[in-house]
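> My file is coords17.cif. It has mmCIF, C-alpha atoms:
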data_model
loop_
_atom_site.group_PDB
_atom_site.id
_atom_site.type_symbol
_atom_site.label_atom_id
_atom_site.label_comp_id
_atom_site.auth_asym_id
_atom_site.auth_seq_id
_atom_site.Cartn_x
_atom_site.Cartn_y
_atom_site.Cartn_z
ATOM 1 C CA MET U 1 142.975 -107.159 -47.606
ATOM 2 C CA LYS U 2 142.401 -103.375 -47.377
ATOM 3 C CA THR U 3 140.956 -101.538 -50.307
ATOM 4 C CA ILE U 4 141.920 -98.053 -51.375
ATOM 5 C CA THR U 5 138.653 -96.780 -49.854
ATOM 6 C CA ASP U 6 139.604 -98.217 -46.468
ATOM 7 C CA THR U 7 142.872 -96.288 -46.586
ATOM 8 C CA LEU U 8 141.554 -93.115 -48.196
ATOM 9 C CA ARG U 9 138.556 -92.583 -45.863
ATOM 10 C CA PRO U 10 140.569 -92.118 -42.593
ATOM 11 C CA THR U 11 143.137 -90.012 -44.442
ATOM 12 C CA LEU U 12 140.508 -87.615 -45.786
ATOM 13 C CA ALA U 13 138.685 -87.562 -42.438
ATOM 14 C CA SER U 14 141.956 -86.649 -40.676
ATOM 15 C CA LEU U 15 142.664 -83.971 -43.273
ATOM 16 C CA ALA U 16 139.214 -82.438 -42.795
ATOM 17 C CA LEU U 17 139.434 -82.607 -39.000
ATOM 18 C CA PHE U 18 142.868 -80.995 -38.790
ATOM 19 C CA THR U 19 141.952 -78.370 -41.385
ATOM 20 C CA VAL U 20 138.987 -77.299 -39.266
ATOM 21 C CA LEU U 21 140.920 -77.487 -35.984
ATOM 22 C CA LEU U 22 144.212 -75.902 -37.074
ATOM 23 C CA GLY U 23 142.891 -73.685 -39.849
ATOM 24 C CA GLY U 24 139.800 -72.382 -38.081
ATOM 25 C CA VAL U 25 139.278 -73.189 -34.418
ATOM 26 C CA TYR U 26 142.870 -72.680 -33.217
ATOM 27 C CA PRO U 27 143.368 -69.294 -34.965
ATOM 28 C CA LEU U 28 140.013 -68.034 -33.693
ATOM 29 C CA LEU U 29 140.720 -69.099 -30.114
ATOM 30 C CA SER U 30 144.258 -67.738 -30.075
ATOM 31 C CA THR U 31 143.129 -64.448 -31.657
ATOM 32 C CA ALA U 32 140.337 -64.089 -29.092
ATOM 33 C CA ALA U 33 142.723 -64.860 -26.218
ATOM 34 C CA LEU U 34 145.352 -62.393 -27.437
ATOM 35 C CA GLN U 35 142.770 -59.683 -28.124
ATOM 36 C CA SER U 36 141.503 -59.976 -24.558
ATOM 37 C CA LEU U 37 144.903 -60.301 -22.843
ATOM 38 C CA PHE U 38 147.009 -57.937 -24.999
ATOM 39 C CA ALA U 39 144.499 -55.692 -26.767
ATOM 40 C CA SER U 40 146.903 -52.836 -27.577
ATOM 41 C CA GLN U 41 149.660 -55.078 -28.924
ATOM 42 C CA ALA U 42 147.205 -57.200 -30.924
ATOM 43 C CA GLN U 43 145.980 -54.034 -32.642
ATOM 44 C CA GLY U 44 149.495 -52.979 -33.677
ATOM 45 C CA SER U 45 150.508 -50.913 -30.620
ATOM 46 C CA LEU U 46 148.676 -47.912 -32.070
ATOM 47 C CA MET U 47 149.171 -44.549 -30.386
ATOM 48 C CA ASN U 48 146.218 -42.209 -30.097
ATOM 49 C CA GLY U 49 146.504 -38.465 -29.738
ATOM 50 C CA LYS U 50 144.675 -36.319 -27.236
ATOM 51 C CA ASP U 51 141.730 -36.061 -29.639
ATOM 52 C CA GLY U 52 141.607 -39.841 -30.162
ATOM 53 C CA THR U 53 143.057 -39.896 -33.677
ATOM 54 C CA VAL U 54 145.622 -42.564 -34.498
ATOM 55 C CA LEU U 55 149.069 -40.975 -34.745
ATOM 56 C CA GLY U 56 151.088 -44.078 -35.595
ATOM 57 C CA SER U 57 152.393 -47.282 -34.109
ATOM 58 C CA ALA U 58 154.835 -47.288 -31.207
ATOM 59 C CA LEU U 59 156.714 -50.019 -33.098
ATOM 60 C CA ILE U 60 157.161 -48.309 -36.480
ATOM 61 C CA GLY U 61 159.306 -45.243 -37.020
ATOM 62 C CA GLN U 62 158.314 -42.219 -39.052
ATOM 63 C CA ASN U 63 160.390 -39.914 -41.167
ATOM 64 C CA PHE U 64 161.468 -36.807 -39.232
ATOM 65 C CA SER U 65 163.970 -34.560 -40.981
ATOM 66 C CA GLU U 66 163.325 -31.064 -39.637
ATOM 67 C CA PRO U 67 165.839 -29.708 -37.093
ATOM 68 C CA LYS U 68 163.072 -29.308 -34.477
ATOM 69 C CA TYR U 69 162.656 -33.092 -34.308
ATOM 70 C CA PHE U 70 164.803 -35.931 -33.058
ATOM 71 C CA TRP U 71 165.804 -38.035 -36.044
ATOM 72 C CA SER U 72 165.308 -41.787 -36.134
ATOM 73 C CA ARG U 73 167.582 -44.388 -37.615
ATOM 74 C CA LEU U 74 167.758 -44.536 -41.391
ATOM 75 C CA SER U 75 165.021 -46.525 -43.083
ATOM 76 C CA ALA U 76 166.022 -49.241 -45.543
ATOM 77 C CA THR U 77 162.455 -49.562 -46.824
ATOM 78 C CA GLY U 78 162.518 -47.962 -50.240
ATOM 79 C CA PRO U 79 161.268 -46.163 -52.145
ATOM 80 C CA TYR U 80 159.375 -44.548 -49.230
ATOM 81 C CA ALA U 81 160.942 -44.298 -45.797
ATOM 82 C CA TYR U 82 159.382 -46.353 -42.994
ATOM 83 C CA ASN U 83 157.059 -48.217 -45.356
ATOM 84 C CA ALA U 84 155.900 -51.230 -43.340
ATOM 85 C CA ALA U 85 154.928 -53.086 -46.525
ATOM 86 C CA ASN U 86 158.622 -53.190 -47.491
ATOM 87 C CA SER U 87 160.070 -54.151 -44.122
ATOM 88 C CA SER U 88 163.559 -55.534 -44.595
ATOM 89 C CA GLY U 89 167.160 -54.696 -43.973
ATOM 90 C CA SER U 90 169.313 -53.213 -46.668
ATOM 91 C CA ASN U 91 171.519 -56.330 -46.718
ATOM 92 C CA LEU U 92 174.429 -54.115 -47.703
ATOM 93 C CA GLY U 93 177.817 -55.275 -46.477
ATOM 94 C CA SER U 94 180.248 -52.968 -44.709
ATOM 95 C CA ASN U 95 182.359 -52.652 -47.874
ATOM 96 C CA ASN U 96 179.424 -51.895 -50.161
ATOM 97 C CA PRO U 97 179.759 -48.430 -51.761
ATOM 98 C CA ALA U 98 175.993 -47.858 -51.491
ATOM 99 C CA LEU U 99 176.137 -48.295 -47.705
ATOM 100 C CA MET U 100 179.145 -46.014 -47.472
ATOM 101 C CA ASP U 101 177.324 -43.372 -49.553
ATOM 102 C CA ALA U 102 174.222 -43.606 -47.339
ATOM 103 C CA VAL U 103 176.329 -43.241 -44.191
ATOM 104 C CA LYS U 104 178.267 -40.291 -45.630
ATOM 105 C CA GLY U 105 175.011 -38.626 -46.685
ATOM 106 C CA ARG U 106 173.529 -38.994 -43.215
ATOM 107 C CA VAL U 107 176.725 -37.715 -41.557
ATOM 108 C CA GLU U 108 176.632 -34.649 -43.820
ATOM 109 C CA ALA U 109 172.935 -34.056 -43.027
ATOM 110 C CA LEU U 110 173.590 -34.301 -39.278
ATOM 111 C CA LYS U 111 176.539 -31.903 -39.504
ATOM 112 C CA ALA U 112 174.590 -29.451 -41.676
ATOM 113 C CA ALA U 113 171.678 -29.466 -39.226
ATOM 114 C CA ASP U 114 173.977 -28.746 -36.256
ATOM 115 C CA PRO U 115 177.371 -27.419 -37.404
ATOM 116 C CA ALA U 116 178.459 -26.519 -33.859
ATOM 117 C CA ASN U 117 178.136 -30.127 -32.663
ATOM 118 C CA LYS U 118 181.600 -31.696 -32.637
ATOM 119 C CA LYS U 119 180.658 -34.833 -30.684
ATOM 120 C CA PRO U 120 181.207 -38.232 -32.310
ATOM 121 C CA ILE U 121 178.071 -39.293 -34.187
ATOM 122 C CA PRO U 122 176.497 -42.450 -32.726
ATOM 123 C CA VAL U 123 176.391 -45.283 -35.248
ATOM 124 C CA ASP U 124 172.640 -45.789 -34.954
ATOM 125 C CA LEU U 125 172.064 -42.330 -36.459
ATOM 126 C CA VAL U 126 173.846 -43.273 -39.683
ATOM 127 C CA THR U 127 172.771 -46.901 -40.187
ATOM 128 C CA ALA U 128 169.446 -48.669 -40.671
ATOM 129 C CA SER U 129 167.988 -51.215 -38.289
ATOM 130 C CA GLY U 130 167.377 -54.828 -39.288
ATOM 131 C CA SER U 131 163.745 -54.157 -40.215
ATOM 132 C CA GLY U 132 164.296 -50.656 -41.565
ATOM 133 C CA LEU U 133 161.343 -49.528 -39.417
ATOM 134 C CA ASP U 134 162.801 -49.142 -35.937
ATOM 135 C CA PRO U 135 161.433 -46.104 -34.047
ATOM 136 C CA HIS U 136 164.151 -46.363 -31.386
ATOM 137 C CA ILE U 137 167.547 -44.753 -31.027
ATOM 138 C CA SER U 138 170.130 -45.116 -28.318
ATOM 139 C CA PRO U 139 170.244 -42.622 -25.442
ATOM 140 C CA ALA U 140 173.599 -41.478 -26.885
ATOM 141 C CA ALA U 141 171.912 -40.684 -30.209
ATOM 142 C CA ALA U 142 169.242 -38.661 -28.397
ATOM 143 C CA GLN U 143 171.915 -36.789 -26.405
ATOM 144 C CA TYR U 144 173.789 -36.053 -29.650
ATOM 145 C CA GLN U 145 170.693 -34.297 -31.051
ATOM 146 C CA LEU U 146 169.665 -32.536 -27.848
ATOM 147 C CA ALA U 147 171.271 -29.141 -28.523
ATOM 148 C CA ARG U 148 169.912 -28.916 -32.086
ATOM 149 C CA VAL U 149 166.328 -29.709 -31.056
ATOM 150 C CA ALA U 150 166.478 -27.416 -28.001
ATOM 151 C CA LYS U 151 167.716 -24.534 -30.147
ATOM 152 C CA ALA U 152 165.111 -25.130 -32.895
ATOM 153 C CA ARG U 153 162.294 -25.228 -30.318
ATOM 154 C CA ALA U 154 163.673 -22.461 -28.083
ATOM 155 C CA MET U 155 163.667 -24.877 -25.137
ATOM 156 C CA SER U 156 166.203 -25.262 -22.403
ATOM 157 C CA GLU U 157 168.405 -28.329 -22.717
ATOM 158 C CA PRO U 158 167.610 -29.530 -19.157
ATOM 159 C CA ALA U 159 163.848 -29.397 -19.872
ATOM 160 C CA LEU U 160 164.331 -31.269 -23.130
ATOM 161 C CA ARG U 161 166.601 -33.809 -21.427
ATOM 162 C CA GLN U 162 163.796 -34.550 -18.933
ATOM 163 C CA LEU U 163 161.411 -35.220 -21.808
ATOM 164 C CA VAL U 164 163.962 -37.540 -23.449
ATOM 165 C CA GLU U 165 164.291 -39.437 -20.174
ATOM 166 C CA LYS U 166 160.500 -39.747 -19.964
ATOM 167 C CA TYR U 167 160.426 -41.588 -23.309
ATOM 168 C CA ALA U 168 163.499 -43.699 -22.621
ATOM 169 C CA GLU U 169 162.859 -47.426 -22.390
ATOM 170 C CA ASN U 170 164.941 -49.829 -20.326
ATOM 171 C CA ARG U 171 166.126 -53.263 -21.373
ATOM 172 C CA GLN U 172 163.336 -55.787 -21.833
ATOM 173 C CA LEU U 173 162.923 -57.853 -18.677
ATOM 174 C CA GLY U 174 165.915 -55.947 -17.331
ATOM 175 C CA VAL U 175 168.467 -57.939 -19.350
ATOM 176 C CA LEU U 176 167.464 -58.138 -23.035
ATOM 177 C CA GLY U 177 168.687 -55.564 -25.519
ATOM 178 C CA GLU U 178 169.930 -52.089 -24.800
ATOM 179 C CA PRO U 179 168.226 -48.996 -23.359
ATOM 180 C CA THR U 180 166.471 -46.988 -26.084
ATOM 181 C CA VAL U 181 164.461 -43.839 -26.709
ATOM 182 C CA ASN U 182 161.274 -44.059 -28.774
ATOM 183 C CA VAL U 183 161.679 -41.210 -31.272
ATOM 184 C CA LEU U 184 158.081 -41.279 -32.474
ATOM 185 C CA LYS U 185 156.661 -40.898 -28.963
ATOM 186 C CA LEU U 186 159.232 -38.231 -28.117
ATOM 187 C CA ASN U 187 158.527 -36.139 -31.219
ATOM 188 C CA LEU U 188 154.773 -36.420 -30.810
ATOM 189 C CA ALA U 189 155.155 -35.295 -27.187
ATOM 190 C CA LEU U 190 157.251 -32.321 -28.354
ATOM 191 C CA ASP U 191 154.395 -31.345 -30.675
ATOM 192 C CA GLY U 192 151.940 -31.662 -27.787
ATOM 193 C CA LYS U 193 150.036 -34.498 -29.449
ATOM 194 C CA LEU U 194 150.468 -37.058 -26.654
#
Would you mind writing the file's structure down as structure tokens?

Amino acid sequence: MKTITDTLRPTLASLALFTVLLGGVYPLLSTAALQSLFASQAQGSLMNGKDGTVLGSALIGQNFSEPKYFWSRLSATGPYAYNAANSSGSNLGSNNPALMDAVKGRVEALKAADPANKKPIPVDLVTASGSGLDPHISPAAAQYQLARVAKARAMSEPALRQLVEKYAENRQLGVLGEPTVNVLKLNLALDGKL
């Protein structure tokens, strides 16, 4: 007949073993492997400027609202835009008045910044991404803003279009997602920081 000690001893030994293995050894080994194989990604995909200072992460958008910059998608991370600590979607339905107000406000801001632009506004310029942090816009959204940014920077549209194409990203693995433009990289390049 087994006593409680006979049952408890292997249980506690297993608990201790798996705590050390899965709570210590495995995380250390996987962290070391990822740091050596994917150093940039493991450090947050940080972007360094010409002088070596960290300018931001290639995966997190920043708030650009001046006409001389390409604008990102709206950020749903309140109260401060693009706050990674508050990463989440707005969870507002298409009939929610708050979403409609946000969209109308962004449409008005886009029209005020470039009154001569009569093109249809791409949806990604007036809605937030799922995380509220996305630094990417569609190529159509970049093309929509091209004339405004070129005028504000006194650049030719063809020269600016070439820069947009330089920071365009294709589908992942050639089939996943849609082509995008990284707004943070593009704006930093426009400022001569990359």
> Need to verify the contact set: Pro158 (chain U), 12 Å, all atoms listed in the file, exclusion of same-chain residues closer than 5 positions in sequence. Can you return it as number ranges by chain?
U: 143, 146-147, 149-150, 163-165
> In Å, how far is it from CA of Ile121 (chain U) to CA of Ala109 (chain U)?
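Rounded to one decimal, the two atoms are 11.5 Å apart.
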> Which is closer to Glu66 (chain U) than all the others in U:Pro135, U:Ser14, U:Asp114, U:Met1, using all atoms listed in the file?
U:Asp114
> Can you work out which one of U:Leu160, U:Ala152, U:Pro27, U:Leu188 has the shortest atom-to-atom distance to Lys68 (chain U), counting only C-alpha atoms?
U:Ala152
> Measuring between all atoms listed in the file, which one of U:Glu108, U:Asp51, U:Asp101, U:Asp124 shows the shortest distance to Ser138 (chain U)?
U:Asp124
> Here's a test: counting all atoms listed in the file, identify every protein, DNA and RNA residue with an atom at most 12 Å from (166.0, -55.0, -40.1) in the file's coordinate frame, and state them as a VMD selection string.
chain U and resid 60 73 to 77 82 84 86 to 92 127 to 135
> Need to verify the contact set: Asp191 (chain U), 12 Å, all atoms listed in the file, exclusion of same-chain residues closer than 3 positions in sequence. Can you return it as a PyMOL selection string?
chain U and resi 49-50+55+68-70+153+163+184-188+194
> Keeping only C-alpha atoms, write the selected residues as an mmCIF file, in the frame of the given file.

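So selection.cif came out as:
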data_model
loop_
_atom_site.group_PDB
_atom_site.id
_atom_site.type_symbol
_atom_site.label_atom_id
_atom_site.label_comp_id
_atom_site.auth_asym_id
_atom_site.auth_seq_id
_atom_site.Cartn_x
_atom_site.Cartn_y
_atom_site.Cartn_z
ATOM 1 C CA GLY U 49 146.504 -38.465 -29.738
ATOM 2 C CA LYS U 50 144.675 -36.319 -27.236
ATOM 3 C CA LEU U 55 149.069 -40.975 -34.745
ATOM 4 C CA LYS U 68 163.072 -29.308 -34.477
ATOM 5 C CA TYR U 69 162.656 -33.092 -34.308
ATOM 6 C CA PHE U 70 164.803 -35.931 -33.058
ATOM 7 C CA ARG U 153 162.294 -25.228 -30.318
ATOM 8 C CA LEU U 163 161.411 -35.220 -21.808
ATOM 9 C CA LEU U 184 158.081 -41.279 -32.474
ATOM 10 C CA LYS U 185 156.661 -40.898 -28.963
ATOM 11 C CA LEU U 186 159.232 -38.231 -28.117
ATOM 12 C CA ASN U 187 158.527 -36.139 -31.219
ATOM 13 C CA LEU U 188 154.773 -36.420 -30.810
ATOM 14 C CA LEU U 194 150.468 -37.058 -26.654
#
> Can you work out which one of U:Gln145, U:Ala140, U:Gly44, U:Leu21 has the shortest atom-to-atom distance to Asn117 (chain U), counting only C-alpha atoms?
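Ranking U:Gln145, U:Ala140, U:Gly44, U:Leu21 by distance to Asn117 (chain U), first place goes to U:Gln145.
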> Can you give me N, CA and C atoms for region 92-117 of chain U, written as a PDB file, keeping the file's coordinate frame?

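Wrote selection_8.pdb, looks like this:
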ATOM      1  N   LEU U  92     173.191 -54.634 -47.133  1.00  0.00           N
ATOM      2  CA  LEU U  92     174.429 -54.115 -47.703  1.00  0.00           C
ATOM      3  C   LEU U  92     175.571 -54.413 -46.744  1.00  0.00           C
ATOM      4  N   GLY U  93     176.649 -54.976 -47.289  1.00  0.00           N
ATOM      5  CA  GLY U  93     177.817 -55.275 -46.477  1.00  0.00           C
ATOM      6  C   GLY U  93     178.601 -54.027 -46.139  1.00  0.00           C
ATOM      7  N   SER U  94     179.499 -54.139 -45.178  1.00  0.00           N
ATOM      8  CA  SER U  94     180.248 -52.968 -44.709  1.00  0.00           C
ATOM      9  C   SER U  94     181.172 -52.394 -45.777  1.00  0.00           C
ATOM     10  N   ASN U  95     181.503 -53.153 -46.786  1.00  0.00           N
ATOM     11  CA  ASN U  95     182.359 -52.652 -47.874  1.00  0.00           C
ATOM     12  C   ASN U  95     181.566 -52.201 -49.082  1.00  0.00           C
ATOM     13  N   ASN U  96     180.254 -52.262 -49.024  1.00  0.00           N
ATOM     14  CA  ASN U  96     179.424 -51.895 -50.161  1.00  0.00           C
ATOM     15  C   ASN U  96     179.422 -50.382 -50.334  1.00  0.00           C
ATOM     16  N   PRO U  97     179.738 -49.882 -51.530  1.00  0.00           N
ATOM     17  CA  PRO U  97     179.759 -48.430 -51.761  1.00  0.00           C
ATOM     18  C   PRO U  97     178.407 -47.756 -51.489  1.00  0.00           C
ATOM     19  N   ALA U  98     177.307 -48.457 -51.740  1.00  0.00           N
ATOM     20  CA  ALA U  98     175.993 -47.858 -51.491  1.00  0.00           C
ATOM     21  C   ALA U  98     175.785 -47.592 -50.005  1.00  0.00           C
ATOM     22  N   LEU U  99     176.236 -48.513 -49.150  1.00  0.00           N
ATOM     23  CA  LEU U  99     176.137 -48.295 -47.705  1.00  0.00           C
ATOM     24  C   LEU U  99     177.029 -47.138 -47.288  1.00  0.00           C
ATOM     25  N   MET U 100     178.224 -47.107 -47.810  1.00  0.00           N
ATOM     26  CA  MET U 100     179.145 -46.014 -47.472  1.00  0.00           C
ATOM     27  C   MET U 100     178.568 -44.665 -47.900  1.00  0.00           C
ATOM     28  N   ASP U 101     177.935 -44.616 -49.082  1.00  0.00           N
ATOM     29  CA  ASP U 101     177.324 -43.372 -49.553  1.00  0.00           C
ATOM     30  C   ASP U 101     176.166 -42.946 -48.645  1.00  0.00           C
ATOM     31  N   ALA U 102     175.348 -43.919 -48.229  1.00  0.00           N
ATOM     32  CA  ALA U 102     174.222 -43.606 -47.339  1.00  0.00           C
ATOM     33  C   ALA U 102     174.723 -43.068 -46.003  1.00  0.00           C
ATOM     34  N   VAL U 103     175.764 -43.688 -45.472  1.00  0.00           N
ATOM     35  CA  VAL U 103     176.329 -43.241 -44.191  1.00  0.00           C
ATOM     36  C   VAL U 103     176.917 -41.839 -44.348  1.00  0.00           C
ATOM     37  N   LYS U 104     177.677 -41.626 -45.405  1.00  0.00           N
ATOM     38  CA  LYS U 104     178.267 -40.291 -45.630  1.00  0.00           C
ATOM     39  C   LYS U 104     177.175 -39.237 -45.787  1.00  0.00           C
ATOM     40  N   GLY U 105     176.114 -39.567 -46.501  1.00  0.00           N
ATOM     41  CA  GLY U 105     175.011 -38.626 -46.685  1.00  0.00           C
ATOM     42  C   GLY U 105     174.345 -38.269 -45.366  1.00  0.00           C
ATOM     43  N   ARG U 106     174.162 -39.262 -44.516  1.00  0.00           N
ATOM     44  CA  ARG U 106     173.529 -38.994 -43.215  1.00  0.00           C
ATOM     45  C   ARG U 106     174.463 -38.189 -42.318  1.00  0.00           C
ATOM     46  N   VAL U 107     175.758 -38.484 -42.345  1.00  0.00           N
ATOM     47  CA  VAL U 107     176.725 -37.715 -41.557  1.00  0.00           C
ATOM     48  C   VAL U 107     176.696 -36.252 -41.995  1.00  0.00           C
ATOM     49  N   GLU U 108     176.676 -36.016 -43.302  1.00  0.00           N
ATOM     50  CA  GLU U 108     176.632 -34.649 -43.820  1.00  0.00           C
ATOM     51  C   GLU U 108     175.341 -33.938 -43.394  1.00  0.00           C
ATOM     52  N   ALA U 109     174.210 -34.654 -43.435  1.00  0.00           N
ATOM     53  CA  ALA U 109     172.935 -34.056 -43.027  1.00  0.00           C
ATOM     54  C   ALA U 109     172.950 -33.702 -41.545  1.00  0.00           C
ATOM     55  N   LEU U 110     173.508 -34.585 -40.722  1.00  0.00           N
ATOM     56  CA  LEU U 110     173.590 -34.301 -39.278  1.00  0.00           C
ATOM     57  C   LEU U 110     174.494 -33.103 -39.004  1.00  0.00           C
ATOM     58  N   LYS U 111     175.617 -33.028 -39.700  1.00  0.00           N
ATOM     59  CA  LYS U 111     176.539 -31.903 -39.504  1.00  0.00           C
ATOM     60  C   LYS U 111     175.945 -30.595 -40.026  1.00  0.00           C
ATOM     61  N   ALA U 112     175.217 -30.663 -41.129  1.00  0.00           N
ATOM     62  CA  ALA U 112     174.590 -29.451 -41.676  1.00  0.00           C
ATOM     63  C   ALA U 112     173.484 -28.947 -40.755  1.00  0.00           C
ATOM     64  N   ALA U 113     172.766 -29.855 -40.122  1.00  0.00           N
ATOM     65  CA  ALA U 113     171.678 -29.466 -39.226  1.00  0.00           C
ATOM     66  C   ALA U 113     172.186 -28.868 -37.916  1.00  0.00           C
ATOM     67  N   ASP U 114     173.408 -29.234 -37.521  1.00  0.00           N
ATOM     68  CA  ASP U 114     173.977 -28.746 -36.256  1.00  0.00           C
ATOM     69  C   ASP U 114     175.485 -28.605 -36.403  1.00  0.00           C
ATOM     70  N   PRO U 115     175.945 -27.570 -37.128  1.00  0.00           N
ATOM     71  CA  PRO U 115     177.371 -27.419 -37.404  1.00  0.00           C
ATOM     72  C   PRO U 115     178.251 -27.237 -36.159  1.00  0.00           C
ATOM     73  N   ALA U 116     177.672 -26.745 -35.074  1.00  0.00           N
ATOM     74  CA  ALA U 116     178.459 -26.519 -33.859  1.00  0.00           C
ATOM     75  C   ALA U 116     178.719 -27.812 -33.090  1.00  0.00           C
ATOM     76  N   ASN U 117     178.000 -28.866 -33.392  1.00  0.00           N
ATOM     77  CA  ASN U 117     178.136 -30.127 -32.663  1.00  0.00           C
ATOM     78  C   ASN U 117     179.377 -30.880 -33.154  1.00  0.00           C
TER      79      ASN U 117
END
